[in-house]
Amino acid sequence: MARTEIVALILAGGQGSRLGVLTKYLAKPAVPFGSRYRIVDFTLSNCSNSGIETVGVLTQYQPLALNTYIGNGHPWDLDRNKGGTYILPPYQKTGHSDWYKGTANAIYQNIEFIEDWDPRYVLILSGDHIYKMDYAKMLETHIRQKADATIAVLEVPWSETSRFGIMNTDKQGRITTFEEKPKQAKSNLASMGVYIFNWPVLRAELSCDEEDKDSDHDFGKDIIPKMLQVGMNLQAYRFSGYWKDVGTISSLWEANMDILDRPHDINLRDRDWRIYSRNPVKPSHFIADSAEVSNSAMTDGCNIFGTVDHSVLFNSVTIEKGAVVRDSVLMPGVTVASGAVLNKCIVSFATVIGQDVRAGADITGRCQYTNEHLLSGGITVFERGLKIRDKAVIPGNSMVTYNEPDEIIETRFRV
Amino acid sequence: MARTEIVALILAGGQGSRLGVLTKYLAKPAVPFGSRYRIVDFTLSNCSNSGIETVGVLTQYQPLALNTYIGNGHPWDLDRNKGGTYILPPYQKTGHSDWYKGTANAIYQNIEFIEDWDPRYVLILSGDHIYKMDYAKMLETHIRQKADATIAVLEVPWSETSRFGIMNTDKQGRITTFEEKPKQAKSNLASMGVYIFNWPVLRAELSCDEEDKDSDHDFGKDIIPKMLQVGMNLQAYRFSGYWKDVGTISSLWEANMDILDRPHDINLRDRDWRIYSRNPVKPSHFIADSAEVSNSAMTDGCNIFGTVDHSVLFNSVTIEKGAVVRDSVLMPGVTVASGAVLNKCIVSFATVIGQDVRAGADITGRCQYTNEHLLSGGITVFERGLKIRDKAVIPGNSMVTYNEPDEIIETRFRV
Amino acid sequence: MFINAMGLILADHKRIQLGELSRPRALAAIPFAGRYRIIDFMLSNMVNSGMTSVGVIALHKYKSLMDHLGTGSSWDLDRKNKGLSLLPPYINSVNINDGGEIDDLSGLLDFFRANRRRYVVIANSNVVFNATFNDFVARHEESGADISVLYNRDGMKYGSPGAILGVDRKGWVKDVLFNPPKPVSSRCSMGVIIIERERLLDLVNEDVARGEHDFSVENFLRRYVELKIFAMEYKEVLLRINSIQTYFSSTMDLLDERTRQDLFWSGLPVFTKVKDEAPTLYGSKNRAENSLISDGCLINGAVSNSMLFRGVTVSAHATIKNSIIMQDTYISEGVVLENVILDKNCVIRPGIKLVGQKEFPVVIGKGAIV
Amino acid sequence: MFINAMGLILADHKRIQLGELSRPRALAAIPFAGRYRIIDFMLSNMVNSGMTSVGVIALHKYKSLMDHLGTGSSWDLDRKNKGLSLLPPYINSVNINDGGEIDDLSGLLDFFRANRRRYVVIANSNVVFNATFNDFVARHEESGADISVLYNRDGMKYGSPGAILGVDRKGWVKDVLFNPPKPVSSRCSMGVIIIERERLLDLVNEDVARGEHDFSVENFLRRYVELKIFAMEYKEVLLRINSIQTYFSSTMDLLDERTRQDLFWSGLPVFTKVKDEAPTLYGSKNRAENSLISDGCLINGAVSNSMLFRGVTVSAHATIKNSIIMQDTYISEGVVLENVILDKNCVIRPGIKLVGQKEFPVVIGKGAIV
């Protein structure tokens with residue numbers, strides 16, 4: 001094992017602009033999810049549980065929080081002397097420098113990093129999906145099928161095929177054609193954005209693609225179609241189980257609610273496939289005499305004096321007496337003061353909801369923060385580090401972000 | 001200790017172009033030094049031995065080798081859960097992105113990183129000096145003197161003052177004026193490029209400096225003079241002991257020879273202040289019957305069948321029978337084939353010197369690789385990963401770098 | 001940050017046994033406060049003081065302690081030069097059963113020789129508080145004492161208080177009484193002392209030479225006539241665990257706001273082994289109040305005035321009152337528990353009723369199926 | 001990479017004693033080959049096979065082994081879930097001197113329960129070779145055997161060869177002779193076996209039930225009649241350390257090019273604890289030849305056909321021939337050594353002469369001042 005069998009590369013460079021203020025200071029993979037986790041915990045834990053020990057995280061946009069969150073990689077058992085986690089932003093080479101231009105270009109720019117490990121296989125992952133998957137089994141299939149590349153696919157409802165990259169395969173699972181967001185799909189097998197490549201093959205394709213002036217340098221649009229065109233053996237690896245792209249506010253909210261409504265689908269209590277995360281180091285949570293908690297998930301450091309229903313609370317959330325929180329997601333350190341009522345709200349780090357605030361899906365109307373471009377269904381989002389004025393009323397579909405103090409925002413503070 | 005007392009930041013972003021081909025693929029701090037070390041090992045070990053546990057390494061140019069060398073920080077005991085080492089390249093923020101423009105700007109761009117640790121003090125270091133220093137003692141002095149900033153200084157010969165930033169101090173050690181490379185120095189106390197700042201003070205200065213369109217955003221040129229101008233308390237902290245800037249080929253060569261000629265000055269055998277490095281995992285070195293080794297340093301994995309005199313060999317160097325190496329520095333994996341004679345050569349990673357090659361200071365004349373701009377005194381430098389043709393003759397002051405095969409270079413290979 | 005001291009924790013205490021809870025493990029390894037083992041508090045105090053070298057003397061039943069401490073990484077003590085050293089008794093002969101001897105103190109001497117800090121903070125593991133030692137070490141240095149000892153004013157509070165200190169006006173210890181029937185003072189040793197490493201080495205070497213193998217805080221205090229012992233008061237929240245009763249009442253104290261704030265929210269984190277449990281899920285018909293509940297639980301029944309450790313399942317129609325339920329224990333439907341301590345991995349079958357008294361809680365050992 | 005096996009190394013062997021070298025430490029912890037302890041080779045083989053879970057059973061004198069292994073980070077085994085587990089005898093009673101019992105096997109059972117891999121590779125620590133177990137585990141799986149055992153053809157080479165295997169044409173073990181006066185076959189067990197974890201658990205549980213507490217590779221081989229044991233040959237370089245003589249000759253074998261290449265330069269690294277020594281410095285008038293020399297030495301004398309460990313000082317006019325000098329030993333001016341083994345931290349005073357014979361080297365224990 002002097003050479004490294006497989007290197008995983010997580011594409012975490014996108015700005016995640018559809019998540020609005022949630023990614024204003026954070027790369028998307030660092031966004032909190034599911035009471036105890038960050039989105040990237042799922043991919044990192046999958047790597048660790050699959051026995052993959054060398055993981056590069058390709059960042060570009062706001063990598064700092066992700067960098068400090070991943071740190072030495074210890075929470076995922078990825079603090080290896082050989083291998084481990086590496087944050088890979090674009091860098092300056094002799095004479096020139098480039099930001100990452102597309103998924104394929106991002107890998108192209110890290111050929112040197114990959115070559116240092118001399119791997120047989122490279123696993124390309126995306127940092128913004130919620131799922132549990134054993135990549136070792138996928139690799140076994142890849143090797144058995146003598147594939148040049150293997151793409152993980154899952155069945156999606158026929159009505160949604162037009163949102164995905166769709167694989168058409170023969171009976172043996174070999175991919176015959178690939179259609180990016182087809183209007184009339186011939187199959188409902190959608191690409192999960194999880195690829196295993198033989199490294200020499202991918203290296204050649206990346207170099208070739210880099211020369212192509214017309215290419216978008218994207219795996220789905222460019223690399224895969226070209227490989228199919230020249231007749232390479234691309235295999236589809238079928239995945240069944242919970243999988244969710246949390247790229248939009250509504251999908252992020254839904255995936256959080258799935259933890260409550262469909263706990264067995266993603267099953268966070270599976271001790272043979274733990275999802276690891278960096279621990280906040282807080283005491284057990286406290287449920288006071290006055291509290292009422294139902295259909296909810298919470299974790300260490302919460303202090304609950306009010307009513308919480310069908311909500312996901314992250315560590316160190318305080319719900320004061322008389323406050324009511326429903327169908328909401330409250331990120332670490334959020335305080336909801338007495339008398340406040342939240343419905344279908346997503347509140348980012350440490351924001352303080354003032355007394356008697358009313359916000360969310362049950363409040364109709366519009367305000368200066370109404371954002372129907374990114375929000376729907378009444379979901380209301382608060383930026384991190386805000387103090388919301390007592391008694392403020394905030395209608396659904398609002399994206400509350402600091403500009404200057406106004407009738408809704410009293411002040412902001414550093415988180 | 002919930003907040004971090006002090007954060008160290010190592011400026012490792014410079015291209016180190018005066019080191020020529022030695023920094024073609026490596027940032028300067030990653031250049032091998034002293035048989036077992038990389039240049040940055042001294043600064044990292046100083047941090048670790050001083051009890052500093054949070055270290056940011058600001059990189060820009062070719063950070064990859066440095067990134068993989070530092071890895072999880074374990075060799076320096078800096079693989080902390082809280083703290084540890086962080087590679088900090090410039091990154092993309094919402095709306096804009098910048099490369100580092102000067103030493104002060106590099107720190108400015110990492111204000112967010114520093115703020116995350118909420119430190120009282122910030123230690124600014126340079127990644128290309130060879131010295132052993134207890135920063136904890138410097139911090140004690142800084143605190144005792146109630147300084148806004150403390151600058152480490154050492155006495156240099158009066159004849160060399162014009163090459164340094166010179167501090168003029170009063171009797172209590174408070175800096176009165178600072179002169180950058182003065183023609184007529186009033187003192188011989190030179191800045192070592194080691195600064196401790198009270199973080200709130202530095203943060204304010206950095207923000208102020210960033211606004212200044214005329215500033216070069218440099219600590220020595222801009223930040224320090226401005227602080228003196230407004231009457232802040234800047235203290236000089238006297239250091240005595242071995243210190244060397246290895247920014248040029250000749251100073252790098254000299255510092256390597258110092259290990260042999262003045263072993264007690266830097267004293268690598270001091271068990272109370274070990275210099276840590278990433279271990280190459282090789283067996284003990286082998287000295288054959290036919291070998292003659294004198295006045296030399298070497299380490300694990302070497303196989304010596306020839307003659308080695310007054311030279312510094314890194315791990316896994318092979319000297320074949322009949323080869324002669326004098327006054328040279330051979331980096332990891334170099335092979336010198338039988339009959340070859342090297343004098344005052346610096347050979348980078350894995351390069352193979354062919355049979356009967358003659359190279360270095362005792363060969364007069366010029367060749368296509370002669371470089372009197374960067375080289376003097378006959379020092380001859382070889383790029384990494386070259387195979388030098390058997391019987392080639394290479395005069396002193398040559399910088400051998402691959403362009404295409406010629407009468408000197410047979411081929412090159414990946415290292 | 002740069003504290004010039006190292007720590008030494010005594011995982012066992014000859015006089016302290018917690019019945020069923022002590023059976024499978026050392027005192028230091030007894031689970032406490034939902035997510036922790038007792039030792040976590042003292043270890044965190046040392047780490048929060050900036051110590052990077054801590055030894056733990058374990059004499060027996062150290063397996064769960066070893067498992068808990070692991071490489072020390074949870075306390076950031078997985079140092080290159082062994083930040084955390086478990087010091088079990090070393091067996092120096094070929095086979096213990098062939099009459100080998102156990103040599104506790106020579107391992108200890110090695111530890112002190114290998115870790116050169118000026119001072120050593122030696123602590124029993126039965127006291128729970130949240131503080132750093134930096135100021136105490138500085139005051140010890142100023143005092144010129146051979147040994148400094150920490151105490152608080154708990155002397156009147158407990159029936160079996162340990163070592164009561166007689167202290168003069170300047171703070172020097174003039175008298176030490178062990179478990180006196182009628183305390184002469186309310187100053188009660190916390191079992192935490194500070195001593196110079198070199199001085200300690202001399203004292204231990206002396207003990208070894210005398211054939212004395214019993215290393216304890218109390219033995220040092222006993223020497224108050226020949227050694228200058230300085231007493232320093234600790235005024236914040238402190239819990240003492242001396243018995244099942246004090247274990248139970250200390251846990252219940254954590255439900256008190258002030259105690260909880262002081263122990264957990266003063267800004268100094270309490271580190272413990274990370275378990276990567278799922279978040280706790282509350283069902284639609286649970287009733288939880290005035291309780292501390294850890295990660296990984298499933299709460300479908302009624303829980304009040306109780307402490308639930310990680311991974312506890314409370315089924316529907318179960319009622320838990322004034323109880324302590326340890327890790328991964330399963331409470332079936334219709335169970336009724338009051339004043340009960342259930343150790344790890346118990347299963348309480350449907351409809352079972354267990355009721356103890358506040359002063360005499362029912363204690364069920366590890367892994368029991370009731 | 002994804003090997004479905006865990007490792008178990010037996011740090012001691014009842015029948016193997018290396019005199020002075022064994023006195024302060026377990027067999028596995030004896031320094032070997034300049035930078036290593038004997039166990040490093042087996043540990044590296046396991047790590048290079050992709051194992052992330054290795055147990056080490058140590059029965060006595062395990063202090064230097066504990067110090068050497070540390071958190072396991074040198075072998076990249078400082079895993080979240082304890083990659084490296086030292087399994088000392090667990091003392092389950094309150095005080096061993098009060099008649100407590102030592103329970104080796106229950107700790108072992110816990111280890112097997114906590115680490116779920118399909119196969120276990122169990123190895124004695126006295127064999128030195130460099131290989132991965134991946135192919136052997138695959139062949140064991142195909143064979144359908146209960147146990148597979150590795151052997152080589154060393155049977156005729158050593159006087160006291162250990163277990164000689166009688167093997168039929170298909171590779172099944174039909175006879176096992178321990179230290180026979182006249183070997184019936186040259187197939188000599190390497191003391192390395194492969195067995196399914198579940199099967200092993202059954203066998204150990206059986207042993208426990210029978211009151212049998214001796215866990216050894218040889219005891220498994222003894223059961224060749226009731227169990228199907230498959231023999232697999234290892235054909236590369238192998239050193240066996242059974243005695244001071246074989247320890248000495250094995251070291252000298254390393255000066256041979258082929259042995260050195262096979263053990264160290266085959267592409268599989270041999271990991272050991274990193275010491276961060278300085279580079280070795282050669283003075284102007286030294287004379288070194290045909291020797292292996294480790295980091296941190298100062299060489300000013302004559303060294304030939306020898307093995308120098310880390311941090312050895314050889315003063316001017318000293319002569320070292322056919323010798324093994326361990327870590328941090330100091331050789332003064334004018335010393336003459338021939339066929340000598342010096343343990344760690346020795347000081348040889350000026351002008352001292354020590355001469356042994358190749359078959360009977362002079363052995364000087366740890367820390368001696370001669």
# chains A, B, ... in the order shown; residues from 1 in each chain; ligands from 1
>>> residues_around(residues="stretch 116-127 of chain B", least_positions_apart="3", cutoff="6 Å", atoms="only C-alpha atoms", output="JSON, numbers by chain")
{"B": [3, 4, 5, 6, 7, 8, 9, 10, 11, 12, 29, 40, 113, 194, 195, 196, 197, 198, 199]}
>>> residues_around(residues="stretch 60-76 of chain C", least_positions_apart="3", cutoff="9 Å", atoms="only C-alpha atoms", output="PyMOL selection string")
(chain A and resi 74) or (chain B and resi 79-82) or (chain C and resi 11-12+23-26+28-30+37+40+43-44+47+52+79+82-86+88-89+270-274) or (chain D and resi 70-72+78-82+85+90-96+107)
>>> write_last_selection(atoms="C-alpha atoms", output="CSV table (one decimal), in the first residue's frame")
chain,number,residue,atom,x,y,z
A,74,HIS,CA,-10.0,14.5,13.5
B,79,ASP,CA,-2.4,18.7,15.1
B,80,ARG,CA,-4.6,20.3,17.8
B,81,ASN,CA,-8.4,20.0,17.9
B,82,LYS,CA,-8.4,23.6,19.1
C,11,ALA,CA,-8.3,7.7,39.6
C,12,ASP,CA,-9.1,5.8,42.7
C,23,ARG,CA,-18.1,-2.5,40.5
C,24,PRO,CA,-17.0,-2.4,36.9
C,25,ARG,CA,-14.8,0.7,36.9
C,26,ALA,CA,-12.5,3.1,38.8
C,28,ALA,CA,-12.8,8.4,38.0
C,29,ALA,CA,-14.5,6.5,35.2
C,30,ILE,CA,-18.0,6.6,36.7
C,37,ARG,CA,-17.2,10.6,33.4
C,40,ASP,CA,-13.6,14.9,32.7
C,43,LEU,CA,-9.0,16.9,33.2
C,44,SER,CA,-10.8,19.8,31.6
C,47,VAL,CA,-6.3,21.5,30.1
C,52,THR,CA,-0.2,19.9,28.2
C,79,ARG,CA,0.6,15.1,22.1
C,82,LYS,CA,2.4,11.8,25.4
C,83,GLY,CA,0.2,14.6,26.7
C,84,LEU,CA,-1.9,12.1,28.6
C,85,SER,CA,-0.2,9.2,30.4
C,86,LEU,CA,-2.2,6.5,32.0
C,88,PRO,CA,-1.2,1.6,35.6
C,89,PRO,CA,0.7,-0.5,38.0
C,270,VAL,CA,-15.8,20.6,29.9
C,271,PHE,CA,-14.4,18.2,27.4
C,272,THR,CA,-15.4,14.5,27.2
C,273,LYS,CA,-15.0,11.7,24.7
C,274,VAL,CA,-17.0,12.4,21.6
D,70,GLY,CA,2.3,6.0,22.5
D,71,THR,CA,-1.0,7.0,20.8
D,72,GLY,CA,-0.1,4.9,17.8
D,78,ASP,CA,-4.2,7.0,16.4
D,79,ARG,CA,-7.7,6.4,15.2
D,80,LYS,CA,-10.9,7.8,16.6
D,81,ASN,CA,-12.0,4.3,17.5
D,82,LYS,CA,-8.6,3.3,18.9
D,85,SER,CA,-5.1,-1.2,21.5
D,90,TYR,CA,-6.6,-6.3,33.5
D,91,ILE,CA,-6.7,-6.3,37.2
D,92,ASN,CA,-10.3,-6.8,38.1
D,93,SER,CA,-10.2,-6.8,41.8
D,94,VAL,CA,-9.6,-3.8,44.1
D,95,ASN,CA,-6.0,-4.7,45.0
D,96,ILE,CA,-3.8,-7.2,43.3
D,107,GLY,CA,-9.9,-7.9,27.8
>>> closest_residue(among="A:Leu44, A:Leu206, A:Ala392, A:Val400", to="A:Val57", atoms="only C-alpha atoms")
A:Leu44
>>> atom_distance(atom1="atom CA of A:Tyr61", atom2="atom CA of A:Ala30")
11.4 Å
>>> interface_residues(of="chain D", to="chain B", cutoff="6 Å", atoms="only C-alpha atoms", output="ChimeraX atom specification")
/D:276,278-284,289-295
>>> interface_residues(of="chain B", to="chain A", cutoff="9 Å", atoms="only C-alpha atoms", output="compact mmCIF listing (two decimals) with N, CA, C and O atoms, in the first residue's frame")
# COMPACT_ATOMS: atom_id res chain seq x y z
N GLN B 15 7.69 34.53 -3.58
CA GLN B 15 8.06 33.56 -4.60
C GLN B 15 9.47 33.05 -4.36
O GLN B 15 9.83 31.98 -4.85
N LYS B 24 11.30 26.64 -8.01
CA LYS B 24 10.47 26.55 -9.22
C LYS B 24 9.16 25.82 -8.93
O LYS B 24 8.11 26.15 -9.46
N TYR B 25 9.23 24.79 -8.08
CA TYR B 25 8.02 24.00 -7.79
C TYR B 25 7.62 24.07 -6.32
O TYR B 25 6.72 23.35 -5.89
N THR B 59 0.15 31.53 2.46
CA THR B 59 0.82 31.11 1.23
C THR B 59 0.16 31.76 0.05
O THR B 59 -0.97 32.23 0.13
N GLN B 60 0.85 31.75 -1.04
CA GLN B 60 0.27 32.30 -2.25
C GLN B 60 0.87 31.57 -3.43
O GLN B 60 0.18 31.04 -4.28
N TYR B 61 2.19 31.50 -3.43
CA TYR B 61 2.91 30.96 -4.56
C TYR B 61 3.22 29.49 -4.30
O TYR B 61 3.81 29.16 -3.27
N GLN B 62 2.84 28.60 -5.20
CA GLN B 62 3.13 27.16 -5.11
C GLN B 62 2.92 26.61 -3.69
O GLN B 62 3.84 26.08 -3.08
N PRO B 63 1.73 26.73 -3.14
CA PRO B 63 1.53 26.28 -1.76
C PRO B 63 1.42 24.77 -1.63
O PRO B 63 1.45 24.25 -0.51
N LEU B 64 1.30 24.04 -2.73
CA LEU B 64 0.94 22.63 -2.63
C LEU B 64 1.95 21.81 -1.84
O LEU B 64 1.59 21.08 -0.92
N ALA B 65 3.23 21.96 -2.18
CA ALA B 65 4.24 21.15 -1.49
C ALA B 65 4.26 21.51 -0.01
O ALA B 65 4.40 20.64 0.85
N ASN B 67 1.73 22.68 1.71
CA ASN B 67 0.48 22.16 2.23
C ASN B 67 0.61 20.67 2.56
O ASN B 67 0.28 20.23 3.68
N THR B 68 1.16 19.88 1.65
CA THR B 68 1.28 18.45 1.93
C THR B 68 2.40 18.19 2.93
O THR B 68 2.31 17.27 3.73
N GLY B 71 0.79 19.21 6.23
CA GLY B 71 -0.25 18.20 6.44
C GLY B 71 -1.08 18.46 7.69
O GLY B 71 -1.57 19.57 7.89
N ASN B 72 -1.20 17.46 8.52
CA ASN B 72 -2.01 17.61 9.73
C ASN B 72 -1.25 18.32 10.87
O ASN B 72 -1.78 18.48 11.96
N GLY B 73 0.02 18.70 10.64
CA GLY B 73 0.78 19.42 11.67
C GLY B 73 1.37 18.51 12.73
O GLY B 73 2.03 18.98 13.66
N HIS B 74 1.15 17.21 12.60
CA HIS B 74 1.56 16.28 13.65
C HIS B 74 3.06 16.31 13.96
O HIS B 74 3.43 16.30 15.14
N PRO B 75 3.95 16.37 12.96
CA PRO B 75 5.39 16.33 13.32
C PRO B 75 5.82 17.46 14.26
O PRO B 75 6.77 17.31 15.00
N ASP B 79 -1.10 19.31 15.60
CA ASP B 79 -2.37 18.75 15.13
C ASP B 79 -3.39 18.82 16.25
O ASP B 79 -3.90 17.83 16.73
N ARG B 80 -3.69 20.04 16.63
CA ARG B 80 -4.60 20.28 17.76
C ARG B 80 -6.06 20.23 17.31
O ARG B 80 -6.37 20.53 16.16
N ASN B 81 -6.95 19.91 18.23
CA ASN B 81 -8.38 20.05 17.94
C ASN B 81 -8.79 21.50 18.04
O ASN B 81 -9.58 22.00 17.25
N LYS B 82 -8.25 22.17 19.03
CA LYS B 82 -8.42 23.62 19.09
C LYS B 82 -7.08 24.22 18.72
O LYS B 82 -6.09 24.03 19.41
N GLY B 83 -7.05 24.94 17.63
CA GLY B 83 -5.78 25.46 17.15
C GLY B 83 -5.22 24.54 16.08
O GLY B 83 -5.97 23.92 15.32
N GLY B 84 -3.89 24.46 16.02
CA GLY B 84 -3.25 23.68 14.98
C GLY B 84 -2.76 24.57 13.85
O GLY B 84 -2.72 25.78 13.98
N THR B 85 -2.39 23.91 12.75
CA THR B 85 -1.87 24.67 11.61
C THR B 85 -2.94 24.85 10.54
O THR B 85 -3.72 23.94 10.27
N TYR B 86 -2.95 26.00 9.94
CA TYR B 86 -3.87 26.29 8.84
C TYR B 86 -3.11 26.92 7.68
O TYR B 86 -2.36 27.87 7.89
N ILE B 87 -3.27 26.38 6.51
CA ILE B 87 -2.73 26.99 5.30
C ILE B 87 -3.72 28.06 4.85
O ILE B 87 -4.91 27.79 4.72
N LEU B 88 -3.25 29.28 4.67
CA LEU B 88 -4.14 30.39 4.36
C LEU B 88 -3.74 31.06 3.05
O LEU B 88 -2.98 32.02 3.04
N PRO B 89 -4.26 30.56 1.93
CA PRO B 89 -4.03 31.26 0.67
C PRO B 89 -5.06 32.36 0.52
O PRO B 89 -6.04 32.40 1.26
N PRO B 90 -4.88 33.27 -0.40
CA PRO B 90 -5.91 34.28 -0.64
C PRO B 90 -7.18 33.59 -1.13
O PRO B 90 -7.11 32.52 -1.73
N TYR B 91 -8.33 34.16 -0.87
CA TYR B 91 -9.56 33.50 -1.31
C TYR B 91 -10.58 34.50 -1.83
O TYR B 91 -10.43 35.71 -1.69
N GLN B 92 -11.62 33.93 -2.42
CA GLN B 92 -12.65 34.72 -3.04
C GLN B 92 -13.71 35.09 -2.02
O GLN B 92 -14.24 34.24 -1.33
N LYS B 93 -13.98 36.39 -1.87
CA LYS B 93 -15.05 36.81 -0.98
C LYS B 93 -16.23 37.23 -1.85
O LYS B 93 -16.10 37.29 -3.07
N THR B 94 -17.38 37.49 -1.25
CA THR B 94 -18.52 37.90 -2.06
C THR B 94 -18.11 39.12 -2.88
O THR B 94 -17.70 40.13 -2.33
N TRP B 99 -5.16 38.81 -4.73
CA TRP B 99 -3.93 38.18 -4.28
C TRP B 99 -3.35 39.05 -3.18
O TRP B 99 -3.69 40.23 -3.06
N GLU B 112 -10.38 37.88 9.39
CA GLU B 112 -11.46 36.98 9.80
C GLU B 112 -10.91 35.73 10.50
O GLU B 112 -11.44 35.29 11.52
N PHE B 113 -9.87 35.17 9.92
CA PHE B 113 -9.24 33.98 10.52
C PHE B 113 -8.77 34.29 11.93
O PHE B 113 -9.03 33.53 12.87
N ASP B 116 -11.50 34.73 14.54
CA ASP B 116 -12.11 33.48 14.97
C ASP B 116 -11.48 32.95 16.26
O ASP B 116 -12.11 32.22 17.00
N VAL B 415 9.01 14.02 -10.00
CA VAL B 415 9.51 13.73 -8.65
C VAL B 415 8.33 13.50 -7.73
O VAL B 415 7.42 14.31 -7.69
>>> residues_around(residues="stretch 239-246 of chain D", least_positions_apart="2", cutoff="8 Å", atoms="only C-alpha atoms", output="JSON, numbers by chain")
{"D": [16, 17, 18, 19, 126, 127, 128, 129, 237, 248, 249, 250, 359, 360, 361]}
